[in-house]
Every structure is written in C-alpha cells, then in structure tokens.
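Source file coords_21.tsv; content: TSV, C-alpha atoms.
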```
chain	number	residue	atom	x	y	z
A	1	MET	CA	0.00	0.00	0.00
A	2	LYS	CA	3.03	2.30	-0.27
A	3	MET	CA	2.77	2.39	-4.02
A	4	PHE	CA	1.37	5.94	-4.26
A	5	ALA	CA	4.18	7.96	-2.69
A	6	ASP	CA	5.78	9.07	-5.93
A	7	ALA	CA	2.76	8.69	-8.19
A	8	GLY	CA	1.87	11.31	-10.76
A	9	LEU	CA	1.12	11.47	-14.43
A	10	PRO	CA	1.06	14.41	-16.87
A	11	GLY	CA	-2.34	16.07	-17.03
A	12	ARG	CA	-4.45	15.60	-20.12
A	13	GLU	CA	-8.01	16.48	-21.01
A	14	THR	CA	-10.12	13.60	-19.80
A	15	MET	CA	-13.35	12.40	-21.29
A	16	PRO	CA	-16.34	13.70	-19.30
A	17	ALA	CA	-18.08	11.10	-17.21
A	18	GLY	CA	-21.48	10.14	-18.55
A	19	ALA	CA	-20.95	12.18	-21.69
A	20	ASP	CA	-23.72	12.31	-24.24
A	21	VAL	CA	-22.35	10.15	-27.04
A	22	GLY	CA	-24.76	11.62	-29.59
A	23	ARG	CA	-23.63	15.14	-28.83
A	24	LEU	CA	-19.95	14.20	-28.95
A	25	LEU	CA	-20.48	12.32	-32.21
A	26	LYS	CA	-22.30	15.25	-33.81
A	27	ARG	CA	-19.53	17.63	-32.79
A	28	ALA	CA	-16.83	15.28	-34.10
A	29	LEU	CA	-18.58	14.88	-37.45
A	30	ARG	CA	-19.08	18.62	-37.78
A	31	ASP	CA	-15.42	19.27	-37.01
A	32	GLU	CA	-14.39	16.68	-39.60
A	33	VAL	CA	-16.44	18.04	-42.51
A	34	ARG	CA	-15.84	21.71	-41.72
A	35	PRO	CA	-12.46	21.96	-43.55
A	36	LEU	CA	-13.88	19.98	-46.48
A	37	GLY	CA	-16.93	22.22	-46.69
A	38	LEU	CA	-14.81	25.36	-46.57
A	39	ALA	CA	-12.53	23.97	-49.28
A	40	CYS	CA	-15.50	23.17	-51.55
A	41	GLN	CA	-17.02	26.62	-51.02
A	42	GLY	CA	-13.72	28.36	-51.68
A	43	MET	CA	-13.05	26.31	-54.79
A	44	GLY	CA	-16.57	26.91	-56.08
A	45	LEU	CA	-16.23	30.66	-55.54
A	46	LEU	CA	-12.85	30.67	-57.31
A	47	VAL	CA	-14.25	28.73	-60.29
A	48	TRP	CA	-17.20	31.09	-60.51
A	49	LEU	CA	-14.98	34.20	-60.41
A	50	THR	CA	-12.92	32.71	-63.25
A	51	THR	CA	-16.09	31.98	-65.22
A	52	LEU	CA	-17.40	35.48	-64.54
A	53	ALA	CA	-14.16	37.07	-65.77
A	54	VAL	CA	-14.38	35.07	-69.03
A	55	THR	CA	-18.11	35.57	-69.73
A	56	MET	CA	-18.49	39.15	-68.45
A	57	PRO	CA	-18.18	40.87	-71.90
A	58	GLY	CA	-21.16	38.94	-73.31
A	59	MET	CA	-23.34	39.00	-70.19
A	60	ALA	CA	-23.91	42.70	-69.64
A	61	ASP	CA	-27.68	42.25	-69.18
A	62	ALA	CA	-27.22	39.73	-66.32
A	63	LEU	CA	-24.13	41.34	-64.79
A	64	ALA	CA	-26.01	42.91	-61.87
A	65	GLY	CA	-27.56	39.56	-60.89
A	66	GLN	CA	-24.24	37.78	-61.20
A	67	LEU	CA	-22.47	40.33	-59.01
A	68	LEU	CA	-25.26	40.05	-56.44
A	69	CYS	CA	-24.85	36.24	-56.44
A	70	THR	CA	-21.09	36.66	-56.08
A	71	ALA	CA	-21.54	38.91	-53.03
A	72	ALA	CA	-24.03	36.43	-51.49
A	73	ALA	CA	-21.62	33.52	-52.08
A	74	ALA	CA	-18.75	35.45	-50.48
A	75	PHE	CA	-20.98	36.25	-47.49
A	76	GLY	CA	-21.84	32.56	-47.14
A	77	VAL	CA	-18.17	31.61	-47.18
A	78	LEU	CA	-17.36	34.21	-44.52
A	79	LEU	CA	-20.26	33.01	-42.38
A	80	SER	CA	-18.99	29.43	-42.64
A	81	LEU	CA	-15.65	30.54	-41.22
A	82	VAL	CA	-17.32	31.28	-37.87
A	83	ARG	CA	-16.74	28.31	-35.55
A	84	ARG	CA	-19.54	29.03	-33.10
A	85	PRO	CA	-22.47	28.74	-33.08
A	86	ALA	CA	-22.98	25.46	-34.91
A	87	TRP	CA	-25.64	26.80	-37.25
A	88	ALA	CA	-23.15	29.24	-38.83
A	89	LEU	CA	-21.49	26.54	-40.93
A	90	HIS	CA	-24.83	25.03	-41.98
A	91	TRP	CA	-26.49	28.23	-43.10
A	92	GLY	CA	-23.29	29.71	-44.46
A	93	SER	CA	-22.70	26.72	-46.70
A	94	LEU	CA	-26.35	26.74	-47.82
A	95	ILE	CA	-26.19	30.43	-48.75
A	96	ALA	CA	-22.91	29.97	-50.62
A	97	VAL	CA	-24.09	26.90	-52.54
A	98	VAL	CA	-27.44	28.41	-53.56
A	99	ALA	CA	-25.80	31.68	-54.59
A	100	LEU	CA	-23.20	29.90	-56.72
A	101	ALA	CA	-25.86	27.67	-58.28
A	102	TRP	CA	-27.96	30.72	-59.15
A	103	ALA	CA	-24.91	32.50	-60.58
A	104	PHE	CA	-24.11	29.57	-62.88
A	105	ARG	CA	-27.77	29.35	-63.85
A	106	LEU	CA	-27.74	33.00	-64.92
A	107	SER	CA	-24.72	32.29	-67.10
A	108	LEU	CA	-26.49	29.33	-68.71
A	109	ARG	CA	-29.39	31.46	-69.93
A	110	ALA	CA	-27.22	32.76	-72.76
A	111	SER	CA	-26.27	29.23	-73.79
A	112	GLU	CA	-27.93	27.58	-76.78
A	113	ALA	CA	-28.37	24.27	-74.93
A	114	PRO	CA	-28.59	25.07	-71.22
A	115	ALA	CA	-29.69	21.52	-70.32
A	116	VAL	CA	-26.41	20.14	-71.64
A	117	TRP	CA	-24.51	22.12	-68.98
A	118	ALA	CA	-27.13	22.29	-66.25
A	119	LEU	CA	-27.30	18.55	-65.58
A	120	PRO	CA	-23.51	18.03	-65.16
A	121	LEU	CA	-23.37	21.12	-62.95
A	122	LEU	CA	-26.23	19.75	-60.85
A	123	LEU	CA	-24.40	16.45	-60.48
A	124	LEU	CA	-21.19	18.26	-59.49
A	125	PHE	CA	-23.03	20.36	-56.91
A	126	GLY	CA	-24.80	17.25	-55.62
A	127	MET	CA	-21.58	15.35	-55.07
A	128	CYS	CA	-20.06	18.31	-53.19
A	129	LEU	CA	-23.16	18.45	-51.01
A	130	ALA	CA	-22.92	14.72	-50.37
A	131	LEU	CA	-19.33	15.11	-49.17
A	132	CYS	CA	-19.98	18.07	-46.87
A	133	HIS	CA	-23.20	17.17	-45.03
A	134	VAL	CA	-23.33	15.04	-41.90
A	135	ARG	CA	-27.11	14.72	-41.81
A	136	VAL	CA	-29.23	13.26	-44.60
A	137	ARG	CA	-32.00	15.79	-44.14
A	138	ASP	CA	-29.56	18.67	-44.61
A	139	PHE	CA	-28.31	17.07	-47.81
A	140	LEU	CA	-31.86	16.55	-49.10
A	141	LEU	CA	-32.76	20.17	-48.39
A	142	SER	CA	-29.67	21.54	-50.11
A	143	PHE	CA	-30.03	19.23	-53.11
A	144	ALA	CA	-33.70	20.15	-53.51
A	145	VAL	CA	-32.92	23.87	-53.48
A	146	VAL	CA	-30.02	23.52	-55.94
A	147	GLY	CA	-32.13	21.27	-58.17
A	148	ALA	CA	-34.94	23.84	-58.21
A	149	VAL	CA	-32.42	26.51	-59.23
A	150	PHE	CA	-30.99	24.54	-62.15
A	151	LEU	CA	-34.13	22.74	-63.35
A	152	ASP	CA	-36.56	25.64	-63.52
A	153	GLY	CA	-39.44	25.88	-65.96
A	154	THR	CA	-37.37	27.67	-68.60
A	155	LEU	CA	-34.78	24.90	-68.78
A	156	VAL	CA	-37.36	22.11	-68.88
A	157	ALA	CA	-39.24	23.91	-71.65
A	158	SER	CA	-36.05	24.15	-73.72
A	159	VAL	CA	-35.75	20.34	-73.80
A	160	PRO	CA	-37.64	18.63	-76.65
A	161	GLN	CA	-40.68	16.62	-75.62
A	162	GLY	CA	-39.14	13.31	-76.64
A	163	GLN	CA	-36.00	13.88	-74.58
A	164	ARG	CA	-37.72	14.81	-71.32
A	165	PRO	CA	-38.00	11.18	-70.09
A	166	LEU	CA	-34.24	10.91	-70.60
A	167	LEU	CA	-33.81	14.13	-68.59
A	168	ALA	CA	-35.93	12.70	-65.77
A	169	LEU	CA	-33.95	9.45	-65.82
A	170	PHE	CA	-30.64	11.29	-65.61
A	171	LEU	CA	-31.94	13.46	-62.80
A	172	ALA	CA	-33.12	10.41	-60.84
A	173	PHE	CA	-29.78	8.67	-61.38
A	174	ALA	CA	-27.83	11.75	-60.26
A	175	PHE	CA	-29.97	12.16	-57.15
A	176	LEU	CA	-29.70	8.48	-56.23
A	177	MET	CA	-25.93	8.44	-56.70
A	178	CYS	CA	-25.44	11.56	-54.56
A	179	LEU	CA	-27.79	10.24	-51.87
A	180	LEU	CA	-26.02	6.87	-51.68
A	181	THR	CA	-22.67	8.65	-51.49
A	182	ASN	CA	-23.88	10.81	-48.62
A	183	VAL	CA	-25.33	7.84	-46.70
A	184	ALA	CA	-22.23	5.70	-47.23
A	185	LEU	CA	-19.86	8.45	-46.12
A	186	LEU	CA	-22.04	9.24	-43.13
A	187	ARG	CA	-22.02	5.60	-42.01
A	188	GLU	CA	-18.25	5.34	-42.38
A	189	ARG	CA	-17.68	8.58	-40.50
A	190	ARG	CA	-20.03	7.56	-37.69
A	191	ALA	CA	-18.39	4.14	-37.36
A	192	GLY	CA	-14.93	5.69	-37.22
A	193	HIS	CA	-15.84	8.27	-34.60
A	194	LEU	CA	-17.79	5.75	-32.51
A	195	LEU	CA	-14.71	3.55	-32.50
A	196	ARG	CA	-12.56	6.48	-31.36
A	197	LEU	CA	-15.05	7.31	-28.60
A	198	GLN	CA	-15.08	3.72	-27.43
A	199	MET	CA	-11.29	3.58	-27.44
A	200	GLY	CA	-11.17	6.80	-25.43
A	201	ARG	CA	-13.71	5.42	-23.00
A	202	LEU	CA	-11.68	2.25	-22.51
A	203	ALA	CA	-8.58	4.37	-21.92
A	204	TYR	CA	-10.23	6.24	-19.06
A	205	GLU	CA	-12.74	3.75	-17.64
A	206	ASP	CA	-12.25	0.60	-15.64
A	207	VAL	CA	-13.76	-2.21	-17.70
A	208	LEU	CA	-14.97	-4.31	-14.77
A	209	THR	CA	-16.56	-1.70	-12.49
A	210	GLY	CA	-17.35	1.16	-14.86
A	211	LEU	CA	-15.55	3.65	-12.59
A	212	ALA	CA	-12.77	5.94	-13.71
A	213	ASN	CA	-9.50	4.06	-13.90
A	214	ARG	CA	-6.10	4.99	-12.47
A	215	ARG	CA	-5.12	7.03	-15.51
A	216	ALA	CA	-8.34	9.04	-15.47
A	217	PHE	CA	-7.99	9.71	-11.75
A	218	PHE	CA	-4.45	11.04	-11.92
A	219	GLU	CA	-5.11	13.18	-14.97
A	220	ALA	CA	-8.31	14.65	-13.50
A	221	ALA	CA	-6.61	15.29	-10.15
A	222	ASN	CA	-3.59	16.95	-11.73
A	223	ALA	CA	-5.86	19.08	-13.91
A	224	ALA	CA	-7.86	20.18	-10.86
A	225	ILE	CA	-4.68	21.08	-8.96
A	226	ALA	CA	-3.33	23.06	-11.92
A	227	ALA	CA	-6.65	24.91	-12.29
A	228	ALA	CA	-6.78	25.90	-8.60
A	229	PRO	CA	-3.23	25.77	-7.18
A	230	GLN	CA	-4.26	27.69	-4.04
A	231	GLY	CA	-7.17	25.43	-3.20
A	232	ARG	CA	-7.32	22.62	-0.68
A	233	PHE	CA	-8.27	19.13	-1.72
A	234	SER	CA	-8.93	15.85	0.01
A	235	LEU	CA	-8.48	12.19	-0.81
A	236	VAL	CA	-10.31	9.16	0.50
A	237	LEU	CA	-8.27	6.04	-0.17
A	238	LEU	CA	-10.24	2.79	0.21
A	239	ASP	CA	-9.27	-0.86	0.26
A	240	VAL	CA	-11.58	-3.91	0.40
A	241	ASP	CA	-10.90	-5.92	3.55
A	242	ASP	CA	-9.69	-9.51	3.20
A	243	PHE	CA	-10.23	-9.51	-0.54
A	244	LYS	CA	-7.69	-12.29	-1.06
A	245	ARG	CA	-9.80	-14.54	1.15
A	246	ILE	CA	-12.79	-14.04	-1.17
A	247	ASN	CA	-10.75	-15.08	-4.20
A	248	ASP	CA	-9.24	-18.06	-2.40
A	249	ARG	CA	-12.51	-19.38	-0.96
A	250	PHE	CA	-15.00	-18.59	-3.72
A	251	GLY	CA	-12.91	-18.02	-6.85
A	252	HIS	CA	-12.08	-15.01	-8.96
A	253	GLU	CA	-15.61	-14.79	-10.37
A	254	ALA	CA	-16.94	-14.10	-6.89
A	255	GLY	CA	-14.10	-11.61	-6.42
A	256	ASP	CA	-15.18	-9.76	-9.57
A	257	GLN	CA	-18.77	-9.72	-8.32
A	258	ALA	CA	-17.56	-8.26	-5.04
A	259	LEU	CA	-15.62	-5.53	-6.82
A	260	VAL	CA	-18.61	-4.62	-8.97
A	261	ALA	CA	-20.85	-4.44	-5.91
A	262	VAL	CA	-18.32	-2.36	-3.98
A	263	ALA	CA	-17.88	0.01	-6.94
A	264	GLY	CA	-21.63	0.57	-7.14
A	265	ALA	CA	-21.85	1.31	-3.43
A	266	LEU	CA	-18.90	3.71	-3.58
A	267	ARG	CA	-20.32	5.50	-6.60
A	268	ARG	CA	-23.59	6.11	-4.79
A	269	ALA	CA	-21.97	7.09	-1.49
A	270	SER	CA	-19.37	9.44	-2.97
A	271	ALA	CA	-21.51	11.19	-5.58
A	272	PRO	CA	-21.00	13.75	-7.03
A	273	HIS	CA	-17.26	13.44	-6.40
A	274	LEU	CA	-14.86	11.56	-8.64
A	275	CYS	CA	-14.57	7.90	-7.61
A	276	ALA	CA	-11.93	5.76	-9.30
A	277	ARG	CA	-10.54	2.27	-9.10
A	278	LEU	CA	-6.78	2.56	-8.78
A	279	GLY	CA	-6.15	-1.14	-9.23
A	280	GLY	CA	-7.02	-4.46	-7.66
A	281	GLU	CA	-9.27	-3.87	-4.65
A	282	GLU	CA	-8.14	-0.25	-4.12
A	283	PHE	CA	-10.38	2.74	-4.80
A	284	CYS	CA	-10.04	6.47	-4.31
A	285	VAL	CA	-12.41	9.44	-4.04
A	286	TRP	CA	-11.26	12.94	-5.02
A	287	ILE	CA	-12.86	15.85	-3.14
A	288	ASP	CA	-12.03	19.45	-4.08
A	289	ASP	CA	-15.09	21.07	-2.50
A	290	GLU	CA	-13.97	22.63	0.79
A	291	ALA	CA	-17.58	22.77	2.01
A	292	VAL	CA	-17.75	18.96	2.03
A	293	SER	CA	-16.53	16.94	5.00
A	294	PRO	CA	-14.13	14.25	3.72
A	295	PRO	CA	-14.57	12.05	6.83
A	296	ALA	CA	-18.33	12.13	6.24
A	297	VAL	CA	-17.82	10.93	2.66
A	298	ALA	CA	-15.47	8.20	3.89
A	299	ARG	CA	-17.95	7.17	6.57
A	300	ALA	CA	-20.73	6.94	3.97
A	301	CYS	CA	-18.51	4.75	1.77
A	302	VAL	CA	-17.62	2.40	4.64
A	303	SER	CA	-21.26	2.18	5.70
A	304	GLY	CA	-22.47	1.57	2.14
A	305	VAL	CA	-20.08	-1.31	1.57
A	306	HIS	CA	-20.89	-2.79	5.01
A	307	GLN	CA	-24.43	-3.54	3.76
A	308	LEU	CA	-23.19	-5.76	0.91
A	309	GLN	CA	-22.95	-9.53	0.77
A	310	VAL	CA	-21.37	-11.73	-1.90
A	311	ALA	CA	-21.64	-15.52	-1.80
A	312	GLY	CA	-22.99	-15.26	1.76
A	313	LEU	CA	-19.95	-13.29	2.92
A	314	ARG	CA	-20.44	-9.78	4.26
A	315	LEU	CA	-18.11	-7.25	2.67
A	316	SER	CA	-16.29	-4.43	4.40
A	317	ILE	CA	-13.86	-1.71	3.42
A	318	SER	CA	-11.31	0.46	5.19
A	319	ALA	CA	-10.69	4.10	4.38
A	320	GLY	CA	-7.89	6.59	4.85
A	321	VAL	CA	-8.63	10.32	4.61
A	322	ALA	CA	-6.09	13.05	3.85
A	323	THR	CA	-6.74	16.79	3.47
A	324	VAL	CA	-3.77	18.80	2.30
A	325	GLU	CA	-2.95	22.47	1.95
A	326	PRO	CA	-2.12	24.23	-1.35
A	327	ASP	CA	1.14	23.52	-3.16
A	328	VAL	CA	1.26	19.96	-1.82
A	329	PRO	CA	2.10	17.37	-4.52
A	330	LEU	CA	-0.48	14.77	-5.35
A	331	GLY	CA	1.97	11.99	-4.49
A	332	ARG	CA	2.39	13.43	-1.00
A	333	ALA	CA	-1.37	13.54	-0.50
A	334	LEU	CA	-1.68	9.92	-1.59
A	335	ALA	CA	1.10	8.94	0.78
A	336	LEU	CA	-0.75	10.57	3.69
A	337	ALA	CA	-4.02	8.89	2.75
A	338	ASP	CA	-2.19	5.58	2.39
A	339	GLU	CA	-0.71	5.95	5.87
A	340	ALA	CA	-4.16	6.70	7.29
A	341	LEU	CA	-5.52	3.63	5.48
A	342	TYR	CA	-2.76	1.55	7.06
A	343	GLN	CA	-3.84	2.79	10.48
A	344	ALA	CA	-7.48	1.93	9.75
A	345	LYS	CA	-6.44	-1.60	8.83
A	346	ALA	CA	-4.46	-1.87	12.06
A	347	ARG	CA	-7.51	-0.84	14.09
A	348	GLY	CA	-9.46	-3.86	12.94
A	349	LYS	CA	-10.68	-2.87	9.46
A	350	ASP	CA	-14.22	-1.82	8.44
A	351	THR	CA	-13.44	1.69	9.69
A	352	LEU	CA	-11.68	4.91	8.71
A	353	ALA	CA	-8.69	6.94	9.85
A	354	VAL	CA	-7.82	10.58	9.17
A	355	ALA	CA	-4.30	11.78	8.43
A	356	PRO	CA	-2.90	14.99	10.03
A	357	PRO	CA	-4.54	18.06	8.45
A	358	SER	CA	-1.34	19.62	7.10
A	359	GLY	CA	0.32	18.08	4.10
A	360	ARG	CA	3.64	19.70	5.06
A	361	MET	CA	4.02	17.68	8.26
A	362	PRO	CA	6.65	14.94	8.07
A	363	LEU	CA	5.16	11.53	7.50
A	364	ILE	CA	5.42	9.40	10.64
A	365	VAL	CA	6.75	5.98	9.78
A	366	PRO	CA	6.78	3.37	12.57
A	367	PRO	CA	10.24	2.03	13.33
A	368	GLN	CA	11.05	-1.24	11.64
A	369	PRO	CA	12.61	-4.08	13.61
A	370	GLU	CA	16.21	-4.77	12.91
A	371	ARG	CA	16.67	-7.50	10.35
A	372	ARG	CA	19.51	-9.96	10.68
A	373	SER	CA	20.78	-12.25	8.02
A	374	TRP	CA	19.72	-15.86	8.62
A	375	ARG	CA	22.36	-18.51	8.98
A	376	PRO	CA	21.75	-22.22	9.20
A	377	TRP	CA	22.54	-23.80	12.58
A	378	ARG	CA	25.63	-25.91	12.57
A	379	PRO	CA	26.56	-28.20	15.47
A	380	THR	CA	29.94	-27.74	17.08
A	381	ARG	CA	32.39	-30.26	15.79
A	382	ARG	CA	34.03	-32.27	18.48
A	383	ASP	CA	37.31	-33.95	18.00
```
Let's see the structure in the file written out as structure tokens.
Amino acid sequence: MKMFADAGLPGRETMPAGADVGRLLKRALRDEVRPLGLACQGMGLLVWLTTLAVTMPGMADALAGQLLCTAAAAFGVLLSLVRRPAWALHWGSLIAVVALAWAFRLSLRASEAPAVWALPLLLLFGMCLALCHVRVRDFLLSFAVVGAVFLDGTLVASVPQGQRPLLALFLAFAFLMCLLTNVALLRERRAGHLLRLQMGRLAYEDVLTGLANRRAFFEAANAAIAAAPQGRFSLVLLDVDDFKRINDRFGHEAGDQALVAVAGALRRASAPHLCARLGGEEFCVWIDDEAVSPPAVARACVSGVHQLQVAGLRLSISAGVATVEPDVPLGRALALADEALYQAKARGKDTLAVAPPSGRMPLIVPPQPERRSWRPWRPTRRD
C-alpha cells in the first residue's frame, strides 16, 4: 500500500463522465467536414470568379444579378468561417451553394443548350453536397434547393418533348448516386468516430466496475490542482478488507462480483465526487469542495459497503482520509491517505482513519525491527 508515494502522471483532457455520445459524435462529425466544406465553397467561388471574368463581356444584361450572387456567395463563405455557433457553418454553406448555383444558372441562360450544362453542374453540386453534409435531411434540403435553381421551368421547356424522359432518368440517377454517397460516407464517419469514442472510453474507464480508472484519476486530479493551485483538496483512499480470502474461498468470479458491488456502493456514497478504481481492490475518491466533510464521505462509503454480501460473505472496506494544503504534490497527498488507510487496517478494518490536516508535516513511519541475516545452525564439531 506504499505504491502511491511518488505517483503522478502528466495532465491531459479527460473524457467527461457520462458524456452524451450523440452530442460528442455530432460535434466530431461537424469538425471533420468543416475543412472539407470550406474547401469546396472556396473552390466553387474561385471557379465562378474565373467563369465570370471570361463571360463578363457577353453577359452585360445579367451582370447585376451575377455580381449580387457573387456577393451572397462570399458572405456565405465568410459566415462558414465562424466556428460558433454550430448553425453558422450550416447556413453559411447553404447560402454559398445556392448563390453559386444561381450565378451559374444565370450564365447558362445565354447558352444555346442550357440543359447540356445544367445537368452536369447539378451532379457536381450534388456530389459536393454529399461530401460536406453530416445529416441526410440537410443534404436533401440543399439538393432540392439547388435542383430547383438549375431545373426551372425555362430549362425544362427548352428540352424537346421526346428527350424529357431521358432528362428525368438522368436526374433520378444523379440524385440516387449523390444520396447513396452521402449515406455511405455518413455511415463510415459515424463508425470511425464511434470507435474512437469507445477507445477513449476504454482508456479512461475501468472495464470491470465502470468507474474511472487509475489514468483518469491522476489526470483529473492533476488538472484540478493546476486549475486551482491555491485550493485545498482531500483524498479518501479505500481498500476492500480480506479480498484475497474471497478469491481463495469462492474463486475469482466471486471476487469480480464483489468488486462490482463495492464500486456501485462507492459510486452512490461518494456522488458527485470523482470515484476511481486505482487497481485491484483499491479505490479512491477525489474531493475538491472545501464545504464537504471528507470524513463524512469516507464514513458513507464504509457504511455503504458494510451492507453488501457476496456468496454469503459480508463485505467491508477500510478508508484513509487526507486533506492537504495548497502547493502539496499529489503523491504526497496519496502517501498521507495511504498511511491513514494503514492505520485503519491496524484498528481492525471496516473503519476509517484521518491523516494529520497539514500536508507539510513529516510523515510518521513506525520504526522497523532490525533485520539480521539468517544462517543455518551448525553443530559444534568435536574432535
């Protein structure tokens, strides 16, 4: 139980306990497609400016509308650059795409066969929309608006009657291909991010008990100390009594059941404070609220575990409490709590002990008996 004296790990941002997976997944998907959406908008605006520079001499009658569409597209791109709130990217991309589609449609009015160019442009816009949307309904809305811009009544009327079924078939094929692309990409992105979330959860959660693991505890504690270096904090170090006897008498399966039951009791008794399993049958509760009484939390934990039974055997736990002043290393605090836990075990277990209130006091270590090297007994040889 002296394993915590020099403990300490570099602080990292830990995954929030009980995080909403749907919210985290939505944020991860939005962050992934944001650079791609900005790239598509910027490339589309650049292509349109090049087209406008080439076709401007012959499009004097539609120049005002084209410039207005250019300004709207630039506004949409600038709006998409705003990171927060989340709707900025959605509406910015929609404004930019619709403005660019309308600008190209104005240029196609002077063409002799606008349908020849409108359908490939619609397919190109549809594929860009499929790449940059993380929700199917957003893709359907954008595709419907862009399709209405390109396939207006004037364009449909310019197509001969006999070729309109072919136009409808091409439109259906283009829509289906873009929709399948969007759905397939969305599924792949979701699967990848769900896997990352699960890997992150396994990195910071004890698989057996569902509590925070040793890594999560140290990183959260170090982050809390760095955020409030002048604050006091307390530790409640807990150890299941006679746990080896449970494994020896009833097997490791019963031992796992005991750990799960103890973890549930500690989670309820220590809420809302961080409760972690440090390893084996050892647990720890982190308390940084100075209005809370750490011995009361430890007493609730001991009492909660005392009500449990596994395989007909009543469980118990011992606790060591340490409250330290600012600027005290986490390893020192754990050493004090570990010493208090040692005292609780010496008192007969199923109880708690409180370390001295100042973390700067020297740790009292009981004197160890002198150890002598053992030598085998040899009888005196007689001549």
Within 12 Å of Ala39 (chain A), counting all atoms listed in the file, which residues show up once you throw out same-chain ones fewer than 5 positions away? Write them as a list in words, please.
Val33, Arg34, Gly44, Leu45, Leu46, Val77, Ser80, Leu81, Ser93, Cys128, Leu131 and Cys132 of chain A
Could you tell me how far CA of Ile246 (chain A) lies from CA of Leu308 (chain A), in Å and to one decimal?
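These two atoms are separated by 13.5 Å.
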Any idea what's packed within 12 Å of Pro120 (chain A), counting all atoms listed in the file, ignoring anything in its chain fewer than 2 positions away? Could you give it as an mmCIF file with C-alpha atoms, in the frame of the given file?
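The result, stored in part.cif:
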```
data_model
loop_
_atom_site.group_PDB
_atom_site.id
_atom_site.type_symbol
_atom_site.label_atom_id
_atom_site.label_comp_id
_atom_site.auth_asym_id
_atom_site.auth_seq_id
_atom_site.Cartn_x
_atom_site.Cartn_y
_atom_site.Cartn_z
ATOM 1 C CA PHE A 104 -24.110 29.570 -62.880
ATOM 2 C CA PRO A 114 -28.590 25.070 -71.220
ATOM 3 C CA ALA A 115 -29.690 21.520 -70.320
ATOM 4 C CA VAL A 116 -26.410 20.140 -71.640
ATOM 5 C CA TRP A 117 -24.510 22.120 -68.980
ATOM 6 C CA ALA A 118 -27.130 22.290 -66.250
ATOM 7 C CA LEU A 122 -26.230 19.750 -60.850
ATOM 8 C CA LEU A 123 -24.400 16.450 -60.480
ATOM 9 C CA LEU A 124 -21.190 18.260 -59.490
ATOM 10 C CA PHE A 125 -23.030 20.360 -56.910
ATOM 11 C CA GLY A 126 -24.800 17.250 -55.620
ATOM 12 C CA MET A 127 -21.580 15.350 -55.070
ATOM 13 C CA GLY A 147 -32.130 21.270 -58.170
ATOM 14 C CA PHE A 150 -30.990 24.540 -62.150
ATOM 15 C CA LEU A 151 -34.130 22.740 -63.350
ATOM 16 C CA LEU A 167 -33.810 14.130 -68.590
ATOM 17 C CA PHE A 170 -30.640 11.290 -65.610
ATOM 18 C CA LEU A 171 -31.940 13.460 -62.800
ATOM 19 C CA PHE A 173 -29.780 8.670 -61.380
ATOM 20 C CA ALA A 174 -27.830 11.750 -60.260
ATOM 21 C CA PHE A 175 -29.970 12.160 -57.150
#
```
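In this structure, CA of Arg83 (chain A) sits 14.3 Å away from CA of Lys26 (chain A).
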When you draw a straight line from CA of Ala191 (chain A) to CA of Leu25 (chain A), how long is it in Å?
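That distance, rounded to one decimal, is 9.9 Å.
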When you count all atoms listed in the file, which of these residues is closest to Leu259 (chain A): A:Arg105, A:Arg277, A:His133, A:Arg299?
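Checking each of A:Arg105, A:Arg277, A:His133, A:Arg299 against Leu259 (chain A), counting all atoms listed in the file, the winner is A:Arg277.
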Counting only C-alpha atoms, closest pick from A:Ala157, A:Arg268, A:Arg189, A:Glu112 relative to Asp31 (chain A) is A:Arg189
Just the residues within 12 Å of Val82 (chain A), please, counting only C-alpha atoms, with nothing from its chain fewer than 3 positions along; format it as a list in words.
Arg34, Pro35, Leu38, Phe75, Gly76, Val77, Leu78, Leu79, Pro85, Ala86, Trp87, Ala88, Leu89, His90, Trp91, Gly92 and Ser93 of chain A
Counting all atoms listed in the file, which of A:Val262, A:Leu108, A:Gly255, A:Arg190 gets nearest to Gly210 (chain A)?
A:Val262
Point out the residue among A:Gln257, A:Ser234, A:Thr50, A:Gln307 with the least atom-to-atom distance to Asp289 (chain A), counting only C-alpha atoms.
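Under the stated criterion, the closest residue is A:Ser234.
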